[in-house]
file final_38.txt (compact mmCIF, C-alpha atoms)
# COMPACT_ATOMS: atom_id res chain seq x y z
CA MET A 1 -55.30 27.47 50.70
CA THR A 2 -58.01 30.09 50.97
CA ALA A 3 -57.79 33.85 51.27
CA PRO A 4 -54.54 34.89 49.56
CA PHE A 5 -55.62 33.75 46.08
CA ARG A 6 -58.65 36.03 46.39
CA ASP A 7 -56.46 39.09 46.64
CA THR A 8 -57.74 41.75 44.27
CA ASN A 9 -54.15 41.97 43.00
CA CYS A 10 -53.98 38.68 41.14
CA SER A 11 -51.02 37.62 38.99
CA ILE A 12 -53.13 34.95 37.31
CA GLU A 13 -55.67 37.52 36.18
CA ARG A 14 -52.96 39.97 35.09
CA THR A 15 -51.26 37.28 33.05
CA LEU A 16 -54.53 36.26 31.43
CA ASN A 17 -55.08 39.88 30.44
CA VAL A 18 -51.92 39.56 28.35
CA VAL A 19 -51.98 35.97 27.09
CA GLY A 20 -55.42 34.60 28.05
CA GLU A 21 -56.74 33.81 24.62
CA LYS A 22 -56.46 30.71 22.49
CA TRP A 23 -54.87 32.28 19.42
CA THR A 24 -52.32 34.06 21.58
CA PHE A 25 -51.19 30.75 23.07
CA LEU A 26 -51.04 29.18 19.63
CA VAL A 27 -48.91 32.06 18.35
CA LEU A 28 -46.59 31.48 21.31
CA ARG A 29 -46.52 27.77 20.53
CA GLU A 30 -45.33 28.66 17.03
CA ALA A 31 -42.72 31.04 18.37
CA PHE A 32 -41.36 28.32 20.68
CA SER A 33 -41.28 26.00 17.67
CA GLY A 34 -38.96 28.40 15.87
CA VAL A 35 -41.63 29.76 13.52
CA ARG A 36 -41.00 33.45 12.93
CA ARG A 37 -42.93 34.51 9.85
CA PHE A 38 -46.52 35.65 9.52
CA ALA A 39 -47.42 33.34 6.63
CA ASP A 40 -46.03 30.27 8.45
CA MET A 41 -47.85 31.17 11.66
CA GLN A 42 -51.06 31.62 9.72
CA ALA A 43 -50.67 28.27 7.96
CA ASN A 44 -49.81 26.43 11.19
CA THR A 45 -52.43 27.93 13.49
CA GLY A 46 -55.30 28.48 11.06
CA ALA A 47 -55.88 31.87 12.68
CA PRO A 48 -57.79 34.39 10.55
CA ARG A 49 -55.36 36.96 9.10
CA GLN A 50 -56.73 39.91 11.08
CA VAL A 51 -56.83 37.96 14.34
CA LEU A 52 -53.23 36.82 13.90
CA SER A 53 -52.17 40.35 13.02
CA ALA A 54 -53.85 41.76 16.14
CA ARG A 55 -52.41 39.06 18.43
CA LEU A 56 -48.87 39.59 17.09
CA ALA A 57 -49.16 43.36 17.52
CA ARG A 58 -50.32 42.88 21.12
CA LEU A 59 -47.47 40.47 21.90
CA VAL A 60 -44.97 42.96 20.47
CA ASP A 61 -46.56 45.83 22.44
CA GLU A 62 -46.36 43.76 25.61
CA GLY A 63 -42.72 42.92 24.95
CA LEU A 64 -43.13 39.15 24.52
CA LEU A 65 -42.11 39.20 20.87
CA ARG A 66 -39.80 41.57 19.02
CA LYS A 67 -39.90 42.34 15.32
CA LYS A 68 -36.87 41.92 13.10
CA PRO A 69 -37.01 43.02 9.47
CA TYR A 70 -36.06 40.63 6.67
CA ARG A 71 -36.30 40.74 2.91
CA GLU A 72 -36.64 37.82 0.52
CA PRO A 73 -35.11 38.42 -2.94
CA GLY A 74 -37.52 40.40 -5.12
CA GLN A 75 -40.02 41.00 -2.31
CA ARG A 76 -40.78 43.91 0.02
CA GLN A 77 -39.32 44.05 3.51
CA ARG A 78 -41.29 42.11 6.10
CA ASP A 79 -40.97 41.46 9.84
CA GLU A 80 -40.00 38.30 11.64
CA TYR A 81 -41.25 37.75 15.17
CA ARG A 82 -38.86 36.49 17.81
CA LEU A 83 -39.39 35.65 21.46
CA THR A 84 -37.92 38.05 23.98
CA GLU A 85 -36.77 36.84 27.40
CA LYS A 86 -40.19 37.85 28.73
CA GLY A 87 -41.79 35.68 26.09
CA ARG A 88 -39.40 32.77 26.62
CA ASP A 89 -40.28 32.82 30.31
CA LEU A 90 -43.75 31.56 29.34
CA TYR A 91 -42.19 28.19 28.53
CA PRO A 92 -43.33 26.54 31.80
CA LEU A 93 -46.87 27.67 31.00
CA LEU A 94 -46.82 26.19 27.51
CA VAL A 95 -45.32 22.94 28.79
CA ALA A 96 -47.97 22.75 31.53
CA LEU A 97 -50.72 23.17 28.90
CA MET A 98 -49.12 20.49 26.77
CA HIS A 99 -48.52 17.92 29.49
CA TRP A 100 -52.07 18.22 30.81
CA GLY A 101 -53.40 17.69 27.30
CA ASP A 102 -51.07 14.72 26.85
CA THR A 103 -52.47 13.15 30.02
CA TYR A 104 -56.17 13.86 29.62
CA LEU A 105 -56.95 14.64 26.00
CA SER A 106 -54.79 12.34 23.88
CA GLY A 107 -57.02 9.26 24.00
CA ASP A 108 -55.37 5.88 23.50
CA SER A 109 -52.81 7.08 21.03
CA GLY A 110 -50.70 8.95 23.59
CA ALA A 111 -48.82 12.24 23.48
CA PRO A 112 -48.46 13.84 20.03
CA VAL A 113 -45.12 15.37 21.02
CA LEU A 114 -42.50 14.16 23.46
CA LEU A 115 -40.28 16.78 25.10
CA THR A 116 -36.92 15.18 25.74
CA HIS A 117 -33.71 16.25 27.44
CA ARG A 118 -31.33 17.35 24.69
CA ASP A 119 -28.34 15.77 26.43
CA CYS A 120 -29.67 12.34 27.44
CA GLY A 121 -32.95 11.89 25.56
CA ALA A 122 -35.08 11.18 28.65
CA PRO A 123 -38.55 12.79 28.81
CA ILE A 124 -38.92 16.16 30.55
CA GLU A 125 -41.02 16.46 33.70
CA GLN A 126 -42.22 19.55 35.54
CA HIS A 127 -41.62 19.70 39.30
CA PHE A 128 -42.14 21.95 42.25
CA ARG A 129 -39.33 22.53 44.69
CA CYS A 130 -38.96 25.04 47.47
CA ALA A 131 -36.02 27.42 47.78
CA GLU A 132 -34.62 25.13 50.50
CA GLY A 133 -34.42 22.31 47.96
CA HIS A 134 -37.32 20.18 49.20
CA GLU A 135 -39.51 18.43 46.63
CA VAL A 136 -43.09 19.70 46.76
CA ALA A 137 -45.64 17.26 45.38
CA GLY A 138 -48.62 19.54 44.79
CA PRO A 139 -51.14 22.05 46.14
CA ARG A 140 -51.66 20.21 49.43
CA GLU A 141 -48.03 20.88 50.37
CA VAL A 142 -48.28 24.57 49.49
CA THR A 143 -49.34 27.43 51.77
CA PRO A 144 -50.23 30.69 50.03
CA LEU A 145 -49.38 33.85 51.97
CA PRO A 146 -49.90 37.54 51.17
CA GLY A 147 -46.83 38.84 49.28
CA SER A 148 -45.31 42.31 49.25
CA GLY A 149 -47.73 43.35 46.48
CA SER A 150 -50.83 42.14 48.27
CA ALA A 151 -53.84 44.42 48.40
CA LEU A 152 -54.91 42.66 51.58
CA LYS A 153 -52.03 44.08 53.62
CA SER A 154 -53.16 47.64 53.22
CA ALA A 155 -56.84 46.77 53.53
CA MET B 1 -37.32 22.94 18.35
CA THR B 2 -39.22 23.00 15.09
CA ALA B 3 -41.46 20.46 13.43
CA PRO B 4 -42.98 18.38 16.25
CA PHE B 5 -44.88 21.30 17.81
CA ARG B 6 -46.60 21.84 14.47
CA ASP B 7 -48.17 18.42 14.60
CA THR B 8 -51.87 18.71 13.79
CA ASN B 9 -52.47 16.72 17.00
CA CYS B 10 -51.57 19.37 19.53
CA SER B 11 -52.03 18.95 23.28
CA ILE B 12 -51.74 22.69 23.80
CA GLU B 13 -54.63 23.35 21.44
CA ARG B 14 -56.70 20.53 22.95
CA THR B 15 -56.15 21.88 26.44
CA LEU B 16 -57.09 25.39 25.37
CA ASN B 17 -60.32 24.02 23.93
CA VAL B 18 -61.20 22.97 27.49
CA VAL B 19 -59.71 25.73 29.65
CA GLY B 20 -58.55 28.44 27.24
CA GLU B 21 -60.70 31.28 28.42
CA LYS B 22 -60.11 33.88 31.10
CA TRP B 23 -63.19 33.18 33.23
CA THR B 24 -62.47 29.48 33.18
CA PHE B 25 -59.00 30.06 34.62
CA LEU B 26 -60.43 32.39 37.25
CA VAL B 27 -63.01 29.77 38.24
CA LEU B 28 -60.16 27.28 38.59
CA ARG B 29 -58.22 29.81 40.68
CA GLU B 30 -61.21 29.99 43.02
CA ALA B 31 -61.48 26.20 43.17
CA PHE B 32 -57.78 25.94 44.10
CA SER B 33 -58.41 28.58 46.77
CA GLY B 34 -61.02 26.36 48.37
CA VAL B 35 -64.01 28.35 47.10
CA ARG B 36 -66.84 25.94 46.29
CA ARG B 37 -70.05 27.94 46.07
CA PHE B 38 -71.54 29.82 43.14
CA ALA B 39 -72.22 33.06 45.03
CA ASP B 40 -68.65 33.19 46.39
CA MET B 41 -67.14 32.49 42.97
CA GLN B 42 -69.29 35.21 41.48
CA ALA B 43 -68.26 37.70 44.13
CA ASN B 44 -64.56 36.85 43.83
CA THR B 45 -64.25 36.71 40.04
CA GLY B 46 -66.77 39.36 39.03
CA ALA B 47 -67.96 37.01 36.27
CA PRO B 48 -71.46 37.69 34.95
CA ARG B 49 -73.91 35.14 36.34
CA GLN B 50 -74.65 33.43 33.03
CA VAL B 51 -70.98 33.27 32.08
CA LEU B 52 -70.04 31.73 35.42
CA SER B 53 -72.90 29.27 35.13
CA ALA B 54 -71.81 28.21 31.64
CA ARG B 55 -68.14 27.86 32.64
CA LEU B 56 -68.98 25.75 35.70
CA ALA B 57 -71.24 23.49 33.63
CA ARG B 58 -68.46 23.02 31.07
CA LEU B 59 -65.90 22.22 33.77
CA VAL B 60 -68.27 19.65 35.27
CA ASP B 61 -68.97 18.14 31.83
CA GLU B 62 -65.25 17.87 31.16
CA GLY B 63 -64.67 16.24 34.54
CA LEU B 64 -62.51 18.97 36.10
CA LEU B 65 -65.08 19.81 38.76
CA ARG B 66 -67.69 17.64 40.41
CA LYS B 67 -70.93 18.83 41.97
CA LYS B 68 -71.84 18.01 45.54
CA PRO B 69 -75.26 19.01 46.93
CA TYR B 70 -75.53 21.01 50.13
CA ARG B 71 -78.38 22.73 51.90
CA GLU B 72 -78.24 25.74 54.19
CA PRO B 73 -80.95 25.83 56.88
CA GLY B 74 -84.21 27.18 55.43
CA GLN B 75 -82.89 27.30 51.86
CA ARG B 76 -83.24 25.07 48.82
CA GLN B 77 -80.61 22.51 47.95
CA ARG B 78 -77.67 23.88 45.97
CA ASP B 79 -74.46 22.44 44.50
CA GLU B 80 -70.90 22.92 45.61
CA TYR B 81 -68.12 22.56 43.05
CA ARG B 82 -65.02 20.57 43.94
CA LEU B 83 -61.88 19.88 41.97
CA THR B 84 -61.45 16.36 40.66
CA GLU B 85 -57.99 14.83 40.17
CA LYS B 86 -58.18 15.94 36.53
CA GLY B 87 -58.86 19.47 37.73
CA ARG B 88 -56.18 19.38 40.42
CA ASP B 89 -53.65 18.35 37.80
CA LEU B 90 -53.98 21.86 36.34
CA TYR B 91 -52.09 23.19 39.36
CA PRO B 92 -48.76 23.53 37.51
CA LEU B 93 -50.57 25.57 34.86
CA LEU B 94 -52.11 27.95 37.41
CA VAL B 95 -48.78 28.34 39.20
CA ALA B 96 -47.03 29.06 35.89
CA LEU B 97 -49.60 31.79 35.12
CA MET B 98 -49.15 33.24 38.57
CA HIS B 99 -45.34 33.22 38.66
CA TRP B 100 -45.06 34.85 35.24
CA GLY B 101 -47.44 37.58 36.39
CA ASP B 102 -45.44 37.99 39.61
CA THR B 103 -42.27 38.52 37.56
CA TYR B 104 -43.54 40.74 34.78
CA LEU B 105 -46.81 42.36 35.80
CA SER B 106 -46.50 43.20 39.51
CA GLY B 107 -44.65 46.51 39.15
CA ASP B 108 -42.52 47.64 42.05
CA SER B 109 -44.79 46.27 44.73
CA GLY B 110 -43.89 42.61 44.09
CA ALA B 111 -45.93 39.42 44.10
CA PRO B 112 -49.46 39.70 45.53
CA VAL B 113 -49.32 36.10 46.74
CA LEU B 114 -46.36 34.02 47.87
CA LEU B 115 -46.63 30.26 47.48
CA THR B 116 -44.62 28.69 50.27
CA HIS B 117 -43.67 25.16 51.25
CA ARG B 118 -46.07 24.06 53.96
CA ASP B 119 -43.32 22.27 55.88
CA CYS B 120 -40.47 24.79 55.85
CA GLY B 121 -41.98 28.07 54.66
CA ALA B 122 -39.56 28.62 51.77
CA PRO B 123 -41.01 29.91 48.46
CA ILE B 124 -42.06 27.38 45.81
CA GLU B 125 -40.27 27.25 42.46
CA GLN B 126 -41.18 25.39 39.29
CA HIS B 127 -38.44 23.33 37.65
CA PHE B 128 -37.88 21.02 34.74
CA ARG B 129 -36.10 17.73 35.24
CA CYS B 130 -35.70 14.78 32.92
CA ALA B 131 -36.67 11.25 33.87
CA GLU B 132 -32.96 10.50 34.41
CA GLY B 133 -32.90 13.16 37.13
CA HIS B 134 -30.96 15.86 35.27
CA GLU B 135 -31.95 19.47 35.81
CA VAL B 136 -33.22 21.07 32.58
CA ALA B 137 -32.94 24.86 32.54
CA GLY B 138 -35.29 25.73 29.70
CA PRO B 139 -36.35 25.33 26.08
CA ARG B 140 -32.80 25.37 24.71
CA GLU B 141 -32.07 22.12 26.56
CA VAL B 142 -35.23 20.45 25.28
CA THR B 143 -35.62 18.46 22.06
CA PRO B 144 -39.23 17.84 20.94
CA LEU B 145 -39.81 14.53 19.18
CA PRO B 146 -42.95 13.01 17.64
CA GLY B 147 -44.77 10.98 20.29
CA SER B 148 -46.94 7.89 19.93
CA GLY B 149 -49.98 10.07 19.20
CA SER B 150 -48.29 12.10 16.51
CA ALA B 151 -50.16 12.72 13.27
CA LEU B 152 -46.79 13.10 11.56
CA LYS B 153 -45.89 9.43 11.97
CA SER B 154 -48.77 8.21 9.85
CA ALA B 155 -48.52 11.10 7.38

call {"tool": "encode", "arguments": {"input": "final_38.txt", "output": "structure tokens"}}
result
Amino acid sequence: MTAPFRDTNCSIERTLNVVGEKWTFLVLREAFSGVRRFADMQANTGAPRQVLSARLARLVDEGLLRKKPYREPGQRQRDEYRLTEKGRDLYPLLVALMHWGDTYLSGDSGAPVLLTHRDCGAPIEQHFRCAEGHEVAGPREVTPLPGSGSALKSA
Amino acid sequence: MTAPFRDTNCSIERTLNVVGEKWTFLVLREAFSGVRRFADMQANTGAPRQVLSARLARLVDEGLLRKKPYREPGQRQRDEYRLTEKGRDLYPLLVALMHWGDTYLSGDSGAPVLLTHRDCGAPIEQHFRCAEGHEVAGPREVTPLPGSGSALKSA
């Protein structure tokens, strides 16, 4: 598993340029939890007001959240923040963060949150499978190759 | 999908406290690519020397990497950095970062790197499945519940 990950075109690095910051992940956690309003996000994450404001603006600019105006009786119009499809597609990333923390950082008490299958109640697991339908256990069964966007091909 | 994610015990937040920083992820990318030496990691990531040094020390302290001494002829002894099982278990997280970047940040040229099944060559995909074996398409089919480590239970 050597060279291809070292491609100067790296999807990991590009993704981190968009979401690679703790408050950004916590904002996304809130969004996946159905939290849509600034004040609720602030209360739940503990992010400083200006930091939260900047992170939300970036996520809107990048197309991971979209704003939708709302107005509470007697108050000025405000914006709700909702996940776009691009944002929702970060779900495997959030679940991977959560499951690793459940395994290694929960101490004796166990997982704070259990993700369960809505239909049968059994816990959710994350798997790798290839397009041919074979189960893939982990990195040792994976071969990275230069893709169509590789910088190595033209080098 | 509301309350349980807002638990004050959050595995996402705990995980980000360990790995939630761009250089840390890029160091892990290198480790998964088989890169073990400081100079190579520095060359591949572009991380400033002191930053790389601090991130490696943290990853060793947290048990994600372990040091192994080596000595090139005529040089002083140095350390290699190797993934532990705890570190290797971040693979789903790295793949999730990479696949999202492939989808949304690769432009027209496509994925820089293709992860393929070692045995058959078909591309790798990440899936959710419940412990009963049902396929789970995404967040809409997932119900979060308080787990044994929830702060909500004792509140």

call {"tool": "interface_residues", "arguments": {"input": "final_38.txt", "of": "chain A", "to": "chain B", "cutoff": "6 Å", "atoms": "only C-alpha atoms", "output": "ChimeraX atom specification"}}
result
/A:1-2,5,9,11-12,15,20,22,33-34,93,96-98,101-102,109-118,122-131,141-150

call {"tool": "calpha_fit_and_write", "arguments": {"input": "final_38.txt", "fixed": "chain B", "moving": "chain A", "output": "PDB file with C-alpha atoms, in the coordinates of the input"}}
result
ATOM      1  CA  MET A   1     -37.262  22.896  18.281  1.00  0.00           C
ATOM      2  CA  THR A   2     -39.196  23.025  15.037  1.00  0.00           C
ATOM      3  CA  ALA A   3     -41.477  20.485  13.418  1.00  0.00           C
ATOM      4  CA  PRO A   4     -42.978  18.410  16.248  1.00  0.00           C
ATOM      5  CA  PHE A   5     -44.890  21.322  17.812  1.00  0.00           C
ATOM      6  CA  ARG A   6     -46.610  21.853  14.460  1.00  0.00           C
ATOM      7  CA  ASP A   7     -48.188  18.431  14.603  1.00  0.00           C
ATOM      8  CA  THR A   8     -51.875  18.712  13.792  1.00  0.00           C
ATOM      9  CA  ASN A   9     -52.459  16.712  16.988  1.00  0.00           C
ATOM     10  CA  CYS A  10     -51.576  19.380  19.521  1.00  0.00           C
ATOM     11  CA  SER A  11     -52.024  18.953  23.280  1.00  0.00           C
ATOM     12  CA  ILE A  12     -51.737  22.703  23.792  1.00  0.00           C
ATOM     13  CA  GLU A  13     -54.633  23.351  21.441  1.00  0.00           C
ATOM     14  CA  ARG A  14     -56.705  20.523  22.940  1.00  0.00           C
ATOM     15  CA  THR A  15     -56.149  21.878  26.425  1.00  0.00           C
ATOM     16  CA  LEU A  16     -57.086  25.389  25.350  1.00  0.00           C
ATOM     17  CA  ASN A  17     -60.316  24.006  23.920  1.00  0.00           C
ATOM     18  CA  VAL A  18     -61.191  22.974  27.473  1.00  0.00           C
ATOM     19  CA  VAL A  19     -59.701  25.718  29.649  1.00  0.00           C
ATOM     20  CA  GLY A  20     -58.549  28.442  27.223  1.00  0.00           C
ATOM     21  CA  GLU A  21     -60.692  31.283  28.435  1.00  0.00           C
ATOM     22  CA  LYS A  22     -60.118  33.878  31.111  1.00  0.00           C
ATOM     23  CA  TRP A  23     -63.191  33.186  33.232  1.00  0.00           C
ATOM     24  CA  THR A  24     -62.470  29.469  33.167  1.00  0.00           C
ATOM     25  CA  PHE A  25     -59.006  30.060  34.618  1.00  0.00           C
ATOM     26  CA  LEU A  26     -60.432  32.386  37.241  1.00  0.00           C
ATOM     27  CA  VAL A  27     -63.011  29.772  38.234  1.00  0.00           C
ATOM     28  CA  LEU A  28     -60.152  27.285  38.591  1.00  0.00           C
ATOM     29  CA  ARG A  29     -58.214  29.807  40.655  1.00  0.00           C
ATOM     30  CA  GLU A  30     -61.197  29.979  43.008  1.00  0.00           C
ATOM     31  CA  ALA A  31     -61.468  26.214  43.166  1.00  0.00           C
ATOM     32  CA  PHE A  32     -57.773  25.942  44.092  1.00  0.00           C
ATOM     33  CA  SER A  33     -58.391  28.581  46.757  1.00  0.00           C
ATOM     34  CA  GLY A  34     -60.999  26.352  48.374  1.00  0.00           C
ATOM     35  CA  VAL A  35     -63.986  28.341  47.101  1.00  0.00           C
ATOM     36  CA  ARG A  36     -66.812  25.950  46.286  1.00  0.00           C
ATOM     37  CA  ARG A  37     -70.028  27.937  46.070  1.00  0.00           C
ATOM     38  CA  PHE A  38     -71.523  29.807  43.144  1.00  0.00           C
ATOM     39  CA  ALA A  39     -72.194  33.048  45.028  1.00  0.00           C
ATOM     40  CA  ASP A  40     -68.616  33.177  46.388  1.00  0.00           C
ATOM     41  CA  MET A  41     -67.134  32.476  42.962  1.00  0.00           C
ATOM     42  CA  GLN A  42     -69.285  35.199  41.469  1.00  0.00           C
ATOM     43  CA  ALA A  43     -68.259  37.712  44.136  1.00  0.00           C
ATOM     44  CA  ASN A  44     -64.554  36.849  43.828  1.00  0.00           C
ATOM     45  CA  THR A  45     -64.247  36.718  40.047  1.00  0.00           C
ATOM     46  CA  GLY A  46     -66.775  39.363  39.021  1.00  0.00           C
ATOM     47  CA  ALA A  47     -67.955  37.015  36.274  1.00  0.00           C
ATOM     48  CA  PRO A  48     -71.460  37.700  34.937  1.00  0.00           C
ATOM     49  CA  ARG A  49     -73.912  35.144  36.373  1.00  0.00           C
ATOM     50  CA  GLN A  50     -74.643  33.437  33.049  1.00  0.00           C
ATOM     51  CA  VAL A  51     -70.973  33.274  32.074  1.00  0.00           C
ATOM     52  CA  LEU A  52     -70.037  31.728  35.419  1.00  0.00           C
ATOM     53  CA  SER A  53     -72.907  29.270  35.140  1.00  0.00           C
ATOM     54  CA  ALA A  54     -71.814  28.207  31.645  1.00  0.00           C
ATOM     55  CA  ARG A  55     -68.137  27.877  32.631  1.00  0.00           C
ATOM     56  CA  LEU A  56     -68.986  25.755  35.694  1.00  0.00           C
ATOM     57  CA  ALA A  57     -71.249  23.496  33.631  1.00  0.00           C
ATOM     58  CA  ARG A  58     -68.465  23.014  31.070  1.00  0.00           C
ATOM     59  CA  LEU A  59     -65.889  22.212  33.765  1.00  0.00           C
ATOM     60  CA  VAL A  60     -68.264  19.648  35.275  1.00  0.00           C
ATOM     61  CA  ASP A  61     -68.977  18.142  31.831  1.00  0.00           C
ATOM     62  CA  GLU A  62     -65.252  17.887  31.174  1.00  0.00           C
ATOM     63  CA  GLY A  63     -64.672  16.230  34.536  1.00  0.00           C
ATOM     64  CA  LEU A  64     -62.505  18.960  36.091  1.00  0.00           C
ATOM     65  CA  LEU A  65     -65.055  19.816  38.761  1.00  0.00           C
ATOM     66  CA  ARG A  66     -67.680  17.633  40.410  1.00  0.00           C
ATOM     67  CA  LYS A  67     -70.903  18.831  41.982  1.00  0.00           C
ATOM     68  CA  LYS A  68     -71.823  18.002  45.553  1.00  0.00           C
ATOM     69  CA  PRO A  69     -75.222  18.998  46.917  1.00  0.00           C
ATOM     70  CA  TYR A  70     -75.522  21.004  50.132  1.00  0.00           C
ATOM     71  CA  ARG A  71     -78.364  22.718  51.919  1.00  0.00           C
ATOM     72  CA  GLU A  72     -78.185  25.734  54.205  1.00  0.00           C
ATOM     73  CA  PRO A  73     -80.897  25.834  56.909  1.00  0.00           C
ATOM     74  CA  GLY A  74     -84.142  27.202  55.467  1.00  0.00           C
ATOM     75  CA  GLN A  75     -82.842  27.312  51.889  1.00  0.00           C
ATOM     76  CA  ARG A  76     -83.208  25.068  48.839  1.00  0.00           C
ATOM     77  CA  GLN A  77     -80.565  22.498  47.976  1.00  0.00           C
ATOM     78  CA  ARG A  78     -77.644  23.875  45.995  1.00  0.00           C
ATOM     79  CA  ASP A  79     -74.443  22.440  44.510  1.00  0.00           C
ATOM     80  CA  GLU A  80     -70.876  22.915  45.614  1.00  0.00           C
ATOM     81  CA  TYR A  81     -68.109  22.566  43.056  1.00  0.00           C
ATOM     82  CA  ARG A  82     -65.016  20.580  43.927  1.00  0.00           C
ATOM     83  CA  LEU A  83     -61.868  19.869  41.953  1.00  0.00           C
ATOM     84  CA  THR A  84     -61.449  16.351  40.643  1.00  0.00           C
ATOM     85  CA  GLU A  85     -57.991  14.833  40.174  1.00  0.00           C
ATOM     86  CA  LYS A  86     -58.168  15.952  36.541  1.00  0.00           C
ATOM     87  CA  GLY A  87     -58.847  19.471  37.721  1.00  0.00           C
ATOM     88  CA  ARG A  88     -56.179  19.387  40.430  1.00  0.00           C
ATOM     89  CA  ASP A  89     -53.648  18.359  37.797  1.00  0.00           C
ATOM     90  CA  LEU A  90     -53.978  21.869  36.333  1.00  0.00           C
ATOM     91  CA  TYR A  91     -52.088  23.197  39.351  1.00  0.00           C
ATOM     92  CA  PRO A  92     -48.755  23.548  37.486  1.00  0.00           C
ATOM     93  CA  LEU A  93     -50.579  25.593  34.851  1.00  0.00           C
ATOM     94  CA  LEU A  94     -52.115  27.953  37.389  1.00  0.00           C
ATOM     95  CA  VAL A  95     -48.794  28.350  39.196  1.00  0.00           C
ATOM     96  CA  ALA A  96     -47.034  29.066  35.886  1.00  0.00           C
ATOM     97  CA  LEU A  97     -49.603  31.795  35.109  1.00  0.00           C
ATOM     98  CA  MET A  98     -49.133  33.250  38.565  1.00  0.00           C
ATOM     99  CA  HIS A  99     -45.344  33.221  38.655  1.00  0.00           C
ATOM    100  CA  TRP A 100     -45.068  34.859  35.238  1.00  0.00           C
ATOM    101  CA  GLY A 101     -47.446  37.585  36.373  1.00  0.00           C
ATOM    102  CA  ASP A 102     -45.459  37.999  39.588  1.00  0.00           C
ATOM    103  CA  THR A 103     -42.287  38.520  37.552  1.00  0.00           C
ATOM    104  CA  TYR A 104     -43.559  40.753  34.768  1.00  0.00           C
ATOM    105  CA  LEU A 105     -46.823  42.368  35.798  1.00  0.00           C
ATOM    106  CA  SER A 106     -46.525  43.213  39.492  1.00  0.00           C
ATOM    107  CA  GLY A 107     -44.669  46.514  39.132  1.00  0.00           C
ATOM    108  CA  ASP A 108     -42.535  47.654  42.055  1.00  0.00           C
ATOM    109  CA  SER A 109     -44.790  46.275  44.720  1.00  0.00           C
ATOM    110  CA  GLY A 110     -43.899  42.628  44.082  1.00  0.00           C
ATOM    111  CA  ALA A 111     -45.936  39.431  44.092  1.00  0.00           C
ATOM    112  CA  PRO A 112     -49.473  39.712  45.508  1.00  0.00           C
ATOM    113  CA  VAL A 113     -49.327  36.118  46.751  1.00  0.00           C
ATOM    114  CA  LEU A 114     -46.382  34.034  47.874  1.00  0.00           C
ATOM    115  CA  LEU A 115     -46.649  30.257  47.485  1.00  0.00           C
ATOM    116  CA  THR A 116     -44.650  28.685  50.277  1.00  0.00           C
ATOM    117  CA  HIS A 117     -43.697  25.150  51.244  1.00  0.00           C
ATOM    118  CA  ARG A 118     -46.113  24.073  53.970  1.00  0.00           C
ATOM    119  CA  ASP A 119     -43.378  22.263  55.897  1.00  0.00           C
ATOM    120  CA  CYS A 120     -40.517  24.787  55.866  1.00  0.00           C
ATOM    121  CA  GLY A 121     -42.028  28.073  54.678  1.00  0.00           C
ATOM    122  CA  ALA A 122     -39.593  28.602  51.783  1.00  0.00           C
ATOM    123  CA  PRO A 123     -41.032  29.897  48.480  1.00  0.00           C
ATOM    124  CA  ILE A 124     -42.083  27.368  45.831  1.00  0.00           C
ATOM    125  CA  GLU A 125     -40.279  27.243  42.491  1.00  0.00           C
ATOM    126  CA  GLN A 126     -41.182  25.398  39.305  1.00  0.00           C
ATOM    127  CA  HIS A 127     -38.466  23.284  37.668  1.00  0.00           C
ATOM    128  CA  PHE A 128     -37.905  21.009  34.745  1.00  0.00           C
ATOM    129  CA  ARG A 129     -36.138  17.719  35.236  1.00  0.00           C
ATOM    130  CA  CYS A 130     -35.753  14.762  32.940  1.00  0.00           C
ATOM    131  CA  ALA A 131     -36.729  11.219  33.889  1.00  0.00           C
ATOM    132  CA  GLU A 132     -33.019  10.485  34.440  1.00  0.00           C
ATOM    133  CA  GLY A 133     -32.943  13.141  37.157  1.00  0.00           C
ATOM    134  CA  HIS A 134     -31.003  15.839  35.301  1.00  0.00           C
ATOM    135  CA  GLU A 135     -31.993  19.472  35.834  1.00  0.00           C
ATOM    136  CA  VAL A 136     -33.240  21.059  32.614  1.00  0.00           C
ATOM    137  CA  ALA A 137     -32.950  24.837  32.546  1.00  0.00           C
ATOM    138  CA  GLY A 138     -35.318  25.723  29.712  1.00  0.00           C
ATOM    139  CA  PRO A 139     -36.367  25.325  26.076  1.00  0.00           C
ATOM    140  CA  ARG A 140     -32.807  25.365  24.733  1.00  0.00           C
ATOM    141  CA  GLU A 141     -32.080  22.116  26.583  1.00  0.00           C
ATOM    142  CA  VAL A 142     -35.236  20.442  25.283  1.00  0.00           C
ATOM    143  CA  THR A 143     -35.645  18.452  22.062  1.00  0.00           C
ATOM    144  CA  PRO A 144     -39.225  17.838  20.941  1.00  0.00           C
ATOM    145  CA  LEU A 145     -39.823  14.528  19.162  1.00  0.00           C
ATOM    146  CA  PRO A 146     -42.958  13.002  17.623  1.00  0.00           C
ATOM    147  CA  GLY A 147     -44.789  10.969  20.306  1.00  0.00           C
ATOM    148  CA  SER A 148     -46.938   7.871  19.934  1.00  0.00           C
ATOM    149  CA  GLY A 149     -49.982  10.066  19.205  1.00  0.00           C
ATOM    150  CA  SER A 150     -48.288  12.108  16.515  1.00  0.00           C
ATOM    151  CA  ALA A 151     -50.136  12.703  13.274  1.00  0.00           C
ATOM    152  CA  LEU A 152     -46.785  13.112  11.555  1.00  0.00           C
ATOM    153  CA  LYS A 153     -45.864   9.442  11.949  1.00  0.00           C
ATOM    154  CA  SER A 154     -48.704   8.232   9.808  1.00  0.00           C
ATOM    155  CA  ALA A 155     -48.394  11.097   7.339  1.00  0.00           C
TER     156      ALA A 155
END

call {"tool": "atom_distance", "arguments": {"input": "final_38.txt", "atom1": "CA of Asp40 in chain B", "atom2": "CA of Leu59 in chain B"}}
result
16.9 Å

call {"tool": "axis_aligned_box", "arguments": {"input": "final_38.txt", "around": "range 13-20 of chain B", "padding_each_side": "5 Å", "output": "lines of an AutoDock Vina configuration file"}}
result
center_x = -57.9
center_y = 24.5
center_z = 25.5
size_x = 16.6
size_y = 17.9
size_z = 18.2
